[in-house]
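Shown here: my_file_15.csv, CSV, C-alpha atoms.
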chain,number,residue,atom,x,y,z
A,1,MET,CA,5.9,22.2,10.1
A,2,ALA,CA,9.4,21.8,8.7
A,3,ASP,CA,10.8,24.5,6.4
A,4,ILE,CA,10.6,23.2,2.8
A,5,TYR,CA,13.2,25.7,1.5
A,6,GLN,CA,15.7,24.5,4.2
A,7,PHE,CA,14.9,20.9,3.2
A,8,LEU,CA,15.4,21.5,-0.5
A,9,ALA,CA,18.7,23.4,0.2
A,10,ALA,CA,20.0,20.7,2.5
A,11,HIS,CA,19.4,18.1,-0.3
A,12,GLN,CA,20.7,20.4,-3.1
A,13,ILE,CA,17.4,20.3,-4.9
A,14,SER,CA,17.0,23.3,-7.1
A,15,TYR,CA,13.7,25.0,-8.0
A,16,GLU,CA,12.2,28.1,-9.5
A,17,ARG,CA,9.6,29.9,-7.4
A,18,CYS,CA,6.6,31.9,-8.5
A,19,ASP,CA,4.5,33.7,-5.8
A,20,HIS,CA,0.7,34.3,-6.5
A,21,PRO,CA,-2.6,34.8,-4.6
A,22,PRO,CA,-3.9,31.7,-2.7
A,23,ALA,CA,-5.1,29.0,-5.1
A,24,PHE,CA,-7.3,26.5,-3.3
A,25,THR,CA,-8.7,24.6,-6.3
A,26,VAL,CA,-7.5,23.6,-9.8
A,27,GLU,CA,-9.9,26.3,-11.2
A,28,GLU,CA,-8.4,29.0,-9.0
A,29,ALA,CA,-4.9,27.9,-9.9
A,30,ARG,CA,-5.7,28.2,-13.6
A,31,ARG,CA,-6.7,31.8,-13.0
A,32,LEU,CA,-4.1,32.8,-10.5
A,33,VAL,CA,-0.8,31.0,-11.4
A,34,PRO,CA,1.0,32.5,-14.3
A,35,PRO,CA,2.0,30.2,-17.1
A,36,LEU,CA,5.1,28.2,-16.1
A,37,PRO,CA,7.1,25.3,-17.7
A,38,GLY,CA,6.7,21.8,-16.3
A,39,LYS,CA,3.7,19.6,-15.7
A,40,LYS,CA,0.8,21.1,-13.7
A,41,ILE,CA,-0.2,18.5,-11.1
A,42,LYS,CA,-2.9,18.1,-8.5
A,43,ASN,CA,-2.4,16.1,-5.3
A,44,LEU,CA,-5.1,14.2,-3.5
A,45,PHE,CA,-4.9,12.9,0.1
A,46,LEU,CA,-6.9,9.7,0.3
A,47,CYS,CA,-7.5,6.9,2.8
A,48,ASP,CA,-9.2,3.5,3.0
A,49,GLY,CA,-12.7,3.2,4.6
A,50,LYS,CA,-11.3,2.4,8.0
A,51,GLY,CA,-8.6,5.1,7.9
A,52,ARG,CA,-5.8,2.7,8.3
A,53,LYS,CA,-4.1,3.2,4.9
A,54,HIS,CA,-3.2,6.7,3.6
A,55,PHE,CA,-2.2,7.8,0.1
A,56,LEU,CA,-0.9,10.9,-1.6
A,57,VAL,CA,-2.0,10.6,-5.2
A,58,VAL,CA,-0.4,12.8,-7.8
A,59,VAL,CA,-2.1,13.2,-11.2
A,60,GLY,CA,-2.2,15.7,-14.1
A,61,PHE,CA,-4.0,19.0,-13.4
A,62,GLY,CA,-6.9,18.2,-15.7
A,63,LYS,CA,-7.4,14.5,-14.9
A,64,MET,CA,-10.8,13.5,-13.5
A,65,MET,CA,-9.8,10.5,-11.4
A,66,ASP,CA,-11.9,7.3,-11.1
A,67,LEU,CA,-11.8,6.8,-7.4
A,68,LYS,CA,-13.4,3.3,-7.5
A,69,GLY,CA,-11.0,2.2,-10.2
A,70,LEU,CA,-8.1,3.5,-8.2
A,71,GLY,CA,-9.3,1.7,-5.1
A,72,LYS,CA,-9.4,-1.6,-7.1
A,73,LEU,CA,-5.8,-1.0,-8.4
A,74,LEU,CA,-4.5,-0.3,-4.9
A,75,ASP,CA,-6.5,-3.2,-3.4
A,76,VAL,CA,-8.2,-0.8,-1.0
A,77,LYS,CA,-11.9,-1.0,-0.1
A,78,ASN,CA,-13.9,2.2,0.2
A,79,ILE,CA,-11.2,4.6,-0.8
A,80,ARG,CA,-12.1,8.2,0.0
A,81,PHE,CA,-10.7,11.6,0.6
A,82,GLY,CA,-8.9,12.0,3.9
A,83,SER,CA,-10.4,14.4,6.4
A,84,PRO,CA,-8.7,17.7,7.2
A,85,GLY,CA,-7.8,16.3,10.6
A,86,ARG,CA,-6.0,13.3,9.0
A,87,LEU,CA,-4.3,15.6,6.5
A,88,LYS,CA,-3.0,17.7,9.3
A,89,LYS,CA,-1.9,14.6,11.4
A,90,TYR,CA,-0.1,12.8,8.6
A,91,LEU,CA,1.3,15.5,6.4
A,92,ASP,CA,0.9,18.7,8.5
A,93,LEU,CA,-1.0,20.3,5.7
A,94,THR,CA,-4.4,22.1,5.3
A,95,PRO,CA,-7.0,21.6,2.6
A,96,GLY,CA,-6.1,23.6,-0.5
A,97,SER,CA,-2.4,23.1,0.2
A,98,VAL,CA,-2.0,19.4,-0.5
A,99,THR,CA,1.3,18.9,-2.3
A,100,ILE,CA,3.8,16.1,-3.0
A,101,LEU,CA,6.3,18.1,-1.0
A,102,GLY,CA,4.1,17.5,2.1
A,103,ILE,CA,5.5,14.0,2.2
A,104,MET,CA,8.6,15.5,4.0
A,105,ASN,CA,6.3,15.7,7.0
A,106,ASP,CA,5.7,11.9,7.1
A,107,PRO,CA,8.9,10.6,8.7
A,108,ASN,CA,7.1,7.4,9.8
A,109,HIS,CA,6.1,6.6,6.2
A,110,GLU,CA,2.4,6.2,7.0
A,111,VAL,CA,1.4,7.7,3.6
A,112,GLN,CA,2.1,5.9,0.4
A,113,VAL,CA,2.9,8.1,-2.6
A,114,VAL,CA,1.1,7.1,-5.8
A,115,ILE,CA,2.1,8.9,-9.0
A,116,ASP,CA,0.3,8.7,-12.3
A,117,LYS,CA,2.6,7.2,-15.0
A,118,ASN,CA,2.4,10.2,-17.3
A,119,ILE,CA,3.5,12.5,-14.5
A,120,TRP,CA,6.6,10.3,-14.0
A,121,GLU,CA,7.5,11.0,-17.6
A,122,ALA,CA,7.5,14.8,-17.4
A,123,ASP,CA,10.6,17.0,-17.4
A,124,GLY,CA,9.5,18.9,-14.3
A,125,LEU,CA,6.6,19.4,-12.0
A,126,GLN,CA,4.8,22.5,-10.6
A,127,CYS,CA,4.1,22.0,-6.9
A,128,HIS,CA,3.0,24.1,-3.9
A,129,PRO,CA,5.8,24.6,-1.2
A,130,LEU,CA,3.4,23.5,1.6
A,131,VAL,CA,1.3,26.6,1.1
A,132,ASN,CA,-0.9,27.6,-1.8
A,133,THR,CA,0.5,31.1,-2.3
A,134,SER,CA,3.5,30.0,-4.3
A,135,THR,CA,4.3,27.4,-7.0
A,136,LEU,CA,7.7,25.7,-7.3
A,137,LEU,CA,9.0,24.3,-10.6
A,138,ILE,CA,11.2,21.3,-9.8
A,139,SER,CA,12.8,19.0,-12.3
A,140,LEU,CA,11.7,15.3,-12.3
A,141,GLU,CA,15.2,14.4,-11.2
A,142,GLY,CA,14.7,16.9,-8.3
A,143,ILE,CA,11.4,15.2,-7.4
A,144,LYS,CA,13.1,11.8,-7.4
A,145,GLU,CA,15.9,13.2,-5.2
A,146,PHE,CA,13.3,14.7,-2.9
A,147,LEU,CA,11.4,11.4,-2.5
A,148,ASN,CA,14.6,9.5,-1.9
A,149,ALA,CA,15.6,12.0,0.8
A,150,THR,CA,12.3,11.5,2.5
A,151,GLY,CA,12.6,7.7,2.2
A,152,HIS,CA,9.4,7.4,0.2
A,153,GLU,CA,9.4,5.0,-2.7
A,154,PRO,CA,6.6,6.1,-5.1
A,155,ARG,CA,4.2,3.6,-6.7
A,156,ILE,CA,4.0,4.5,-10.3
A,157,ILE,CA,0.8,3.4,-11.9
A,158,GLU,CA,-1.6,4.4,-14.6
A,159,VAL,CA,-4.2,6.1,-12.4
A,160,PRO,CA,-7.6,5.4,-13.8
A,161,GLY,CA,-9.4,8.4,-15.1
A,162,LYS,CA,-13.0,9.1,-16.1
A,163,SER,CA,-13.6,9.6,-19.8
A,164,GLN,CA,-13.8,13.3,-19.3
A,165,THR,CA,-10.8,15.4,-18.5
A,166,LEU,CA,-10.5,19.1,-17.9
A,167,GLU,CA,-8.3,21.3,-20.1
A,168,THR,CA,-4.8,21.8,-18.8

Could you express the structure from this file as structure tokens?
Amino acid sequence: MADIYQFLAAHQISYERCDHPPAFTVEEARRLVPPLPGKKIKNLFLCDGKGRKHFLVVVGFGKMMDLKGLGKLLDVKNIRFGSPGRLKKYLDLTPGSVTILGIMNDPNHEVQVVIDKNIWEADGLQCHPLVNTSTLLISLEGIKEFLNATGHEPRIIEVPGKSQTLET
């Protein structure tokens, strides 16, 4: 696994860091991560039914995503969550630590980054630094620089949500 802090420094991407106990789920993050500025996000590693296409989807912390609707928008049949093995293979991450910053571990561009439109309008994002024991606050400009440095062009769409959302 590459060192995220070295990567950020090499690309002059600034951040604020907050350490906390491990947060594996949105619910745990609500309890364990102190209030920070920026948009709280969750990241989902998905693939098509045959495991040929892979996606890292970034949505707001409280959004209940409509997986079938997303599959239709992406023109992907049988979209599903990627297995822990696939997550390790393509992003060198483990379940509970999925993060947009993991895309730095995809030099072959096998994972497409999909970002919910309202996230792309935030001032800054809160993200795990490849582990779930810290949260980094990075400006949206910093995230754009990060994605550019990795060679990933994000697809910005209105990710379909279910009518119900969780509090953020």

Can you pull out every residue within 12 Å of Ala9 of chain A, counting only C-alpha atoms, but drop anything in the same chain fewer than 4 positions away, and send it as a count of residues only? 10

Have a look at atom CA of Gly151 of chain A and atom CA of Trp120 of chain A and let me know their distance in Å, one decimal. 17.5 Å

Counting all atoms listed in the file, what is within 7 Å of segment 26-42 of chain A, bar same-chain residues fewer than 2 positions away, as a ChimeraX atom specification? /A:20-21,23-24,44,58-61,122-127,137

Generate the output file for the selected residues, C-alpha atoms, as an mmCIF file, in the coordinates of the input.
data_model
loop_
_atom_site.group_PDB
_atom_site.id
_atom_site.type_symbol
_atom_site.label_atom_id
_atom_site.label_comp_id
_atom_site.auth_asym_id
_atom_site.auth_seq_id
_atom_site.Cartn_x
_atom_site.Cartn_y
_atom_site.Cartn_z
ATOM 1 C CA HIS A 20 0.700 34.300 -6.500
ATOM 2 C CA PRO A 21 -2.600 34.800 -4.600
ATOM 3 C CA ALA A 23 -5.100 29.000 -5.100
ATOM 4 C CA PHE A 24 -7.300 26.500 -3.300
ATOM 5 C CA LEU A 44 -5.100 14.200 -3.500
ATOM 6 C CA VAL A 58 -0.400 12.800 -7.800
ATOM 7 C CA VAL A 59 -2.100 13.200 -11.200
ATOM 8 C CA GLY A 60 -2.200 15.700 -14.100
ATOM 9 C CA PHE A 61 -4.000 19.000 -13.400
ATOM 10 C CA ALA A 122 7.500 14.800 -17.400
ATOM 11 C CA ASP A 123 10.600 17.000 -17.400
ATOM 12 C CA GLY A 124 9.500 18.900 -14.300
ATOM 13 C CA LEU A 125 6.600 19.400 -12.000
ATOM 14 C CA GLN A 126 4.800 22.500 -10.600
ATOM 15 C CA CYS A 127 4.100 22.000 -6.900
ATOM 16 C CA LEU A 137 9.000 24.300 -10.600
#

Find the residue from A:Gly102, A:Gly62, A:Gly82, A:Gly51 that sits nearest to Gly161 of chain A; use only C-alpha atoms when measuring. A:Gly62

Pairwise distance for atom CA of Asn78 of chain A and atom CA of Asp48 of chain A, rounded to one decimal in Å: 5.6 Å

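Shortest atom-to-atom contact with Arg155 of chain A among A:Gln112, A:Asn118, A:Asn43, A:Thr135: A:Gln112, counting all atoms listed in the file.
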
Using only C-alpha atoms, which protein or nucleic acid residues come within 6 Å of Ile79 of chain A? Drop anything in the same chain fewer than 3 positions from it, and give the result as an NGL selection string. :A and (47-49 or 71)

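Atom pair atom CA of His128 of chain A / atom CA of Leu8 of chain A: separated by 13.1 Å.
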
Of the candidates A:Lys162, A:Pro22, A:Leu74, A:Phe7, which shows the shortest atom-to-atom distance to Leu46 of chain A, using all atoms listed in the file?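 Among the listed residues, A:Leu74 lies closest to Leu46 of chain A.
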
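Among the candidate residues A:Leu136, A:Val159, A:Leu70, A:Leu87, the one lying nearest to Cys18 of chain A is A:Leu136, with distances computed using all atoms listed in the file.
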
In terms of the shortest atom-to-atom distance over all atoms listed in the file, which of A:Ile138, A:Val76, A:Pro129, A:Ile156 is closest to Asp19 of chain A?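 Of the candidates, the smallest distance to Asp19 of chain A is held by A:Pro129.
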
Please, could N, CA and C atoms be added to segment 37-68 of chain A and the result written as a compact mmCIF listing (two decimals), keeping the file's coordinate frame?
# COMPACT_ATOMS: atom_id res chain seq x y z
N PRO A 37 6.73 26.62 -17.06
CA PRO A 37 7.10 25.30 -17.70
C PRO A 37 6.80 24.20 -16.70
N GLY A 38 6.92 22.98 -17.17
CA GLY A 38 6.70 21.80 -16.30
C GLY A 38 5.25 21.39 -16.31
N LYS A 39 5.03 20.22 -15.76
CA LYS A 39 3.70 19.60 -15.70
C LYS A 39 2.92 20.16 -14.53
N LYS A 40 1.71 20.64 -14.81
CA LYS A 40 0.80 21.10 -13.70
C LYS A 40 0.21 19.80 -13.12
N ILE A 41 0.26 19.71 -11.81
CA ILE A 41 -0.20 18.50 -11.10
C ILE A 41 -1.27 18.90 -10.06
N LYS A 42 -2.05 17.91 -9.68
CA LYS A 42 -2.90 18.10 -8.50
C LYS A 42 -2.61 16.87 -7.61
N ASN A 43 -2.75 17.08 -6.33
CA ASN A 43 -2.40 16.10 -5.30
C ASN A 43 -3.62 15.82 -4.46
N LEU A 44 -3.91 14.55 -4.26
CA LEU A 44 -5.10 14.20 -3.50
C LEU A 44 -4.69 13.29 -2.33
N PHE A 45 -5.18 13.65 -1.15
CA PHE A 45 -4.90 12.90 0.10
C PHE A 45 -6.08 11.96 0.29
N LEU A 46 -5.83 10.66 0.21
CA LEU A 46 -6.90 9.70 0.30
C LEU A 46 -6.61 8.66 1.40
N CYS A 47 -7.66 7.95 1.82
CA CYS A 47 -7.50 6.90 2.80
C CYS A 47 -8.51 5.78 2.52
N ASP A 48 -8.28 4.63 3.15
CA ASP A 48 -9.20 3.50 3.00
C ASP A 48 -10.43 3.83 3.92
N GLY A 49 -11.46 3.02 3.80
CA GLY A 49 -12.70 3.20 4.60
C GLY A 49 -12.51 3.21 6.07
N LYS A 50 -11.51 2.49 6.54
CA LYS A 50 -11.30 2.40 8.00
C LYS A 50 -10.22 3.40 8.45
N GLY A 51 -9.62 4.14 7.53
CA GLY A 51 -8.60 5.10 7.90
C GLY A 51 -7.30 4.54 8.34
N ARG A 52 -7.01 3.33 7.88
CA ARG A 52 -5.80 2.70 8.30
C ARG A 52 -4.65 2.87 7.25
N LYS A 53 -5.03 3.02 5.99
CA LYS A 53 -4.10 3.20 4.90
C LYS A 53 -4.26 4.64 4.36
N HIS A 54 -3.15 5.32 4.09
CA HIS A 54 -3.20 6.70 3.60
C HIS A 54 -2.38 6.82 2.33
N PHE A 55 -2.86 7.63 1.41
CA PHE A 55 -2.20 7.80 0.10
C PHE A 55 -2.14 9.24 -0.29
N LEU A 56 -1.05 9.62 -0.92
CA LEU A 56 -0.90 10.90 -1.60
C LEU A 56 -0.84 10.58 -3.06
N VAL A 57 -1.88 10.92 -3.81
CA VAL A 57 -2.00 10.60 -5.20
C VAL A 57 -1.70 11.82 -6.06
N VAL A 58 -0.77 11.69 -7.00
CA VAL A 58 -0.40 12.80 -7.80
C VAL A 58 -0.77 12.49 -9.28
N VAL A 59 -1.60 13.37 -9.84
CA VAL A 59 -2.10 13.20 -11.20
C VAL A 59 -1.97 14.53 -11.94
N GLY A 60 -2.18 14.49 -13.25
CA GLY A 60 -2.20 15.70 -14.10
C GLY A 60 -3.30 16.63 -13.62
N PHE A 61 -3.06 17.90 -13.80
CA PHE A 61 -4.00 19.00 -13.40
C PHE A 61 -5.40 18.75 -13.87
N GLY A 62 -5.57 18.28 -15.09
CA GLY A 62 -6.90 18.20 -15.70
C GLY A 62 -7.52 16.79 -15.56
N LYS A 63 -6.86 15.85 -14.94
CA LYS A 63 -7.40 14.50 -14.90
C LYS A 63 -8.54 14.36 -13.91
N MET A 64 -9.62 13.78 -14.40
CA MET A 64 -10.80 13.50 -13.50
C MET A 64 -10.57 12.01 -13.12
N MET A 65 -10.15 11.80 -11.89
CA MET A 65 -9.80 10.50 -11.40
C MET A 65 -11.00 9.61 -11.13
N ASP A 66 -10.88 8.33 -11.45
CA ASP A 66 -11.90 7.30 -11.10
C ASP A 66 -11.51 6.72 -9.78
N LEU A 67 -12.13 7.20 -8.72
CA LEU A 67 -11.80 6.80 -7.40
C LEU A 67 -12.02 5.30 -7.14
N LYS A 68 -13.13 4.77 -7.63
CA LYS A 68 -13.40 3.30 -7.50
C LYS A 68 -12.37 2.50 -8.20
